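This report concerns only the one structure given below.
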Amino acid sequence: MPHSSPPPAAPHPHNSLTRIGWRRLRRDRVGFAALCIVGAYLLLALAAWSGLVASHWQDEVAHPYAPPTLFAGSAPHHLELDAADIDAADRRAASAAAQDSSGATGLSADEDPLAADLAAAEQQSAQYRSAGQARADSLPLGADQRGRDVLQKLLQGSATSLQVGIAGALLALAIGTVLGALSGYFGGLLDDLLMWGYSVFTSVPDMLLLLAFAAVSGRGIGTVVLVMAFTSWTGTFRLMRAEFLKHKGRDYVRAADAIGAGHGRRMFHHILPNVGHLLLVQFSMLTVALIKYEAILSFLGFGVGVTQVSWGAMLAEAPAELLQGYWWQMLAVTLCMSLLVTAFSLLADSLRDALDPKVK
Amino acid sequence: MNPHALLATVAALVLLPAQAADMNKVLRVALNAPETGFDPAKVSDLYSSTVTENIFDPLVTYDYLARPAKLIPNTVSALPSISADGKVYTFRLKPGIFFAADPAFKGKKRELTAADYAYSIKRHLDPGIHSPWSFLVDGRFVGGNELVKAAGKGALNYDAPLEGIKVLDKYTLQLTLTETNFNFLPILAMPAFGAVAREVIKAHRDNTNAHPVGTGPYLLKEWKPGSRIVLEANPGFRKLVFNATPGSDPLDKAVVQALQGKTLPQVGRIEISVIEEEQPLWLSFLNRQLDISGIPQVALQSALVIDPKNPLKVRLAESYARQGIQLQRQLLPEITFHFFNMQDPVVGGDSKDKIALRRAIAMSFPVSEAIASIRRGQAVPMNYIVPPGVAGHNPAFRGAPKYDPAAANALLDRFGYRVGADGYRTRPDGKPLAIELACGTSSTDKQWNEYWQKTFDTLKIRLGFRQGKWNELSKANHQGKLQMWGMAWGADYPDGENFMQLLYGRNAGDSNAADFKNADYDRLFEASLKLPHGPQRNQLYDAMNKIAVAQQPWIFGDIRMRSTLAHSYVKGLKLHPLLNTSWRYLDLQK
């Protein structure tokens, strides 16, 4: 029996908010450029994390404060002493003193409990000796006090700063979202309690809170991330609380309730995707803020330790260098940081525009 | 003292006090770190001492110009008579010296008497005060130990008779020591042993640090802790006229020319700011907001023209010399060193493998490189426990091990500190090896830490840093909780004993921060106490230095050269190795 089968339904264009947003972002030239810049930074950071680039940033490859190649002629020239100068002066002073008195003295071999072992160690030390490396007179971006390459430090520093910024922002977002969701969705006593906590946190100036946390915990990237997450979750909390308060009475949530969805499912499966675009914007703004906070913390000496480098740690060296006229490390970090922070901010702006469901 | 040394005397005429200081002359100086207070028996930091030195009068003091430093009478009419056995010191006070006015005196003029010094010295024994200087007086005075024991943990009974500290009459003080000691007098020149009045301490017993009342040239006018201190000339200060005959030194001539016949002090007001960061300190000096300043590390190269052949030979850069800025330099009577906690199970102990570990670390720390890059050549490596300029120094002794990280690695191999699979060494018994170094948080600390990291990386030993404030770390060290820490020790008085006692077993946990206990060292130290400065004592000091080098409780650091700048209108300045300040000798001629 002939029957007319309905024409196969053309696949409905999947016009989710994300896809619309992505299309809008592609059209926004500034936003797209910002996205590319942020992407490039992320790639570089990934390369640095995985050790593909700048893994030898601690090597002393140049003379102390070797200038950038382009400015080698105009850089300030101070006398930089090295260990050989000090040793030579010390030897002269010692030989002068030895002439005055009966001669140089010290611990003789038979008075030293380690004399025999030291003599033997001297014999066996060949495997640990390495030929001194020739040091460069100039580098593309110059060198720091110990002759380390500023470019390598910059790459490694970007990786650290991005790592801290992104990890801190994600953690802050997680704390803020969970607490905000609980507070807004359930309301009542729980809401009161969380709001009290929130008020306490926000009544203390951010920087003070940050330094207080940093002072009691140890050093290292992990601590910096935790400290910053614990101090910057409040904005997200407030936003999420308001959103959940608004959404929990909406029809679709009621419908979910009617078909028997539990609280957890309603909160995180139904409401959360509808406020996700706000989180994305929050995330980029927080990352920018945390990168700046990290710089401040490291500048004040509360940041990463000596085995790590970050933009803040590099900036902490700047005041001493500038007083002597060595400007390159500060300039390199400032430019690098401004570019990323500006790009991230523009991206956040464009994302907000692109993901706003009210704008068609 | 060599025959050419000039003889300078400060004539003190006891006349009616005459206010000579010009209150319009304001000296502006800065401290690099916050002061803690102004009770001489409670503070020991340099910054507080610069202030207490100008408020309180010790019995004896140093001649301003004579080098090497020479003790002269201060509130006494002559240096004390010392008994032939070196045990009894008798002081005769000058009459007519009065304390600065204070409500505690109820409007009466209060004369300085021998009883005030007896009280002030006893305060350092008082267990209730916890004087940081107690190591200088503990067990020194006849009957002192018994008195301290009787006090237990409470306050000392100041009124009980004490044979060792006796007031013979209103102006005569007699100190009797338990052991022969011809080197005791310089201790009494320290600001810590200046005279305080008992009624003032009693009246302000809750906060003696904020109420310093003495007989010195200045009094505390204003104090904002950690930020600003203002001193004003003491209107009741005894008349003191500068009178010296200069030798051939041009600096001495300039000082004498500026001060001869003038009543001290000349400057009426001293404003002291606390500026911890180097850059603002330096800029303040260049902008003439400070009259005297050191040169911060970062400005050394621009301010000084350094001769690379001899980094200590410098002259002031042309741009500063043209402004008439004066440069004065002085090798500080101090040592810097890092110590190991000798009671620690990992780095302490006197078995050969432990010594080898300490020796390997000492051999791998690039002292010369750190001097070149961090100190900018303005320091010399330390090679003897007693620094140059202090009685007992031996310039020919070479105590620092040769810098040789390769041999140090081989040495560790020999003693079973094997490199494990993770690239780090383990202890001979196979347990993991990790060492923690205590340090501060400043940017200079960070520079040093980078060198330490490098040292331990070359040795393939794990290193951790324990960052903290000085007083916190000091407390932790007293409890034996640190493994390694760096220290500087400046001379309290110019005698080697002040340095050799840093490793004396009985001072362990106190001034002996390394907790070093070595029977041979202690025996030699006790023998050296009985000898005056001379070749015989030097021989003992050499033997003690050899023990320290062989056992390696310390890693010898460096001895800093201090550069001080003053603007052209500051007259009368000459750095003194032991006096903290020259404020009372300065004049400003703008």
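Within each chain, counting starts at residue 1; across the structure tokens, chains are named A, B, ... in the order shown, with ligands numbered 1 upward in that order.
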- Item | Proximal residues of chain A relative to chain B (only C-alpha atoms; 6 Å) as number ranges by chain | A: 81-83, 86, 89, 97-98, 104-107, 112, 121-122, 124-125, 128-129, 320
Put those residues in a file: N, CA and C atoms, as a PDB file, in the first residue's frame.
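Dumped to selection.pdb:
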```pdb
ATOM      1  N   LEU A  81      82.098  43.002  38.619  1.00  0.00           N
ATOM      2  CA  LEU A  81      83.191  42.184  39.143  1.00  0.00           C
ATOM      3  C   LEU A  81      82.812  40.717  39.047  1.00  0.00           C
ATOM      4  N   ASP A  82      83.805  39.834  39.024  1.00  0.00           N
ATOM      5  CA  ASP A  82      83.470  38.421  39.143  1.00  0.00           C
ATOM      6  C   ASP A  82      84.335  37.781  40.223  1.00  0.00           C
ATOM      7  N   ALA A  83      84.069  36.490  40.438  1.00  0.00           N
ATOM      8  CA  ALA A  83      84.730  35.793  41.551  1.00  0.00           C
ATOM      9  C   ALA A  83      86.252  35.884  41.432  1.00  0.00           C
ATOM     10  N   ILE A  86      87.704  38.973  43.066  1.00  0.00           N
ATOM     11  CA  ILE A  86      87.697  38.906  44.526  1.00  0.00           C
ATOM     12  C   ILE A  86      88.797  37.968  45.021  1.00  0.00           C
ATOM     13  N   ALA A  89      92.248  39.641  44.689  1.00  0.00           N
ATOM     14  CA  ALA A  89      92.467  40.651  45.731  1.00  0.00           C
ATOM     15  C   ALA A  89      92.723  39.976  47.073  1.00  0.00           C
ATOM     16  N   ALA A  97      99.928  39.734  54.239  1.00  0.00           N
ATOM     17  CA  ALA A  97      99.851  39.412  55.664  1.00  0.00           C
ATOM     18  C   ALA A  97     100.869  38.336  56.017  1.00  0.00           C
ATOM     19  N   ALA A  98     101.056  37.381  55.090  1.00  0.00           N
ATOM     20  CA  ALA A  98     101.973  36.282  55.359  1.00  0.00           C
ATOM     21  C   ALA A  98     103.403  36.793  55.478  1.00  0.00           C
ATOM     22  N   ALA A 104     101.626  32.158  55.987  1.00  0.00           N
ATOM     23  CA  ALA A 104     100.215  31.794  56.021  1.00  0.00           C
ATOM     24  C   ALA A 104     100.021  30.529  56.841  1.00  0.00           C
ATOM     25  N   THR A 105      99.006  30.533  57.677  1.00  0.00           N
ATOM     26  CA  THR A 105      98.724  29.347  58.454  1.00  0.00           C
ATOM     27  C   THR A 105      97.289  28.920  58.201  1.00  0.00           C
ATOM     28  N   GLY A 106      96.933  27.828  58.796  1.00  0.00           N
ATOM     29  CA  GLY A 106      95.586  27.321  58.638  1.00  0.00           C
ATOM     30  C   GLY A 106      95.609  25.916  59.182  1.00  0.00           C
ATOM     31  N   LEU A 107      94.624  25.139  58.786  1.00  0.00           N
ATOM     32  CA  LEU A 107      94.555  23.774  59.249  1.00  0.00           C
ATOM     33  C   LEU A 107      95.565  22.949  58.452  1.00  0.00           C
ATOM     34  N   ASP A 112      93.572  17.788  60.179  1.00  0.00           N
ATOM     35  CA  ASP A 112      92.246  17.701  59.570  1.00  0.00           C
ATOM     36  C   ASP A 112      91.772  16.255  59.541  1.00  0.00           C
ATOM     37  N   ALA A 121      89.395  12.460  47.284  1.00  0.00           N
ATOM     38  CA  ALA A 121      88.257  13.046  46.567  1.00  0.00           C
ATOM     39  C   ALA A 121      88.745  13.924  45.424  1.00  0.00           C
ATOM     40  N   GLU A 122      89.827  14.615  45.691  1.00  0.00           N
ATOM     41  CA  GLU A 122      90.426  15.469  44.659  1.00  0.00           C
ATOM     42  C   GLU A 122      90.751  14.632  43.413  1.00  0.00           C
ATOM     43  N   GLN A 124      89.334  11.832  42.545  1.00  0.00           N
ATOM     44  CA  GLN A 124      88.140  11.251  41.914  1.00  0.00           C
ATOM     45  C   GLN A 124      87.180  12.302  41.380  1.00  0.00           C
ATOM     46  N   SER A 125      87.574  13.567  41.465  1.00  0.00           N
ATOM     47  CA  SER A 125      86.609  14.616  41.162  1.00  0.00           C
ATOM     48  C   SER A 125      86.437  14.869  39.676  1.00  0.00           C
ATOM     49  N   TYR A 128      83.085  15.158  37.946  1.00  0.00           N
ATOM     50  CA  TYR A 128      82.197  16.281  38.259  1.00  0.00           C
ATOM     51  C   TYR A 128      82.676  17.597  37.665  1.00  0.00           C
ATOM     52  N   ARG A 129      83.869  17.563  37.085  1.00  0.00           N
ATOM     53  CA  ARG A 129      84.370  18.830  36.532  1.00  0.00           C
ATOM     54  C   ARG A 129      83.780  19.058  35.159  1.00  0.00           C
ATOM     55  N   ALA A 320      65.707  47.404  41.739  1.00  0.00           N
ATOM     56  CA  ALA A 320      67.161  47.429  41.878  1.00  0.00           C
ATOM     57  C   ALA A 320      67.830  47.638  40.522  1.00  0.00           C
TER      58      ALA A 320
END
```
- Distance query stretch 133-141 of chain A at most 10 Å, only C-alpha atoms, self and fewer than 6 positions along chain excluded, as a ChimeraX atom specification: /A:60-72,147-152,154,328-329,331-332
Could you turn the residues from that selection into a file that holds C-alpha atoms, as a tab-separated table (two decimals), in the first residue's frame?
```
chain	number	residue	atom	x	y	z
A	60	GLU	CA	73.89	31.38	33.42
A	61	VAL	CA	74.54	31.87	29.74
A	62	ALA	CA	75.67	35.51	29.53
A	63	HIS	CA	77.60	38.10	31.47
A	64	PRO	CA	75.70	39.72	34.31
A	65	TYR	CA	73.27	42.28	32.89
A	66	ALA	CA	74.25	41.57	29.30
A	67	PRO	CA	72.18	44.05	27.22
A	68	PRO	CA	69.64	43.24	24.48
A	69	THR	CA	71.41	42.74	21.16
A	70	LEU	CA	69.70	45.71	19.50
A	71	PHE	CA	70.73	48.11	22.27
A	72	ALA	CA	74.18	46.70	23.00
A	147	GLY	CA	73.47	36.26	33.46
A	148	ARG	CA	70.28	34.29	32.85
A	149	ASP	CA	68.44	34.83	29.57
A	150	VAL	CA	65.51	37.23	30.05
A	151	LEU	CA	63.67	35.65	27.09
A	152	GLN	CA	63.79	32.20	28.68
A	154	LEU	CA	59.90	35.42	30.31
A	328	TRP	CA	65.24	45.41	29.72
A	329	GLN	CA	63.84	42.86	32.13
A	331	LEU	CA	60.19	46.35	29.90
A	332	ALA	CA	59.96	42.79	28.60
```
- Counting only C-alpha atoms, the option among B:Gly96, B:Gly247, B:Pro494, B:Pro428 closest to B:Ile187: B:Pro494
- Shell around stretch 128-136 of chain B at 8 Å using only C-alpha atoms, local window under 4 positions removed, as JSON, numbers by chain: {"B": [41, 42, 43, 44, 123, 124, 140, 153, 154, 155, 156, 187, 192, 507, 510, 511]}
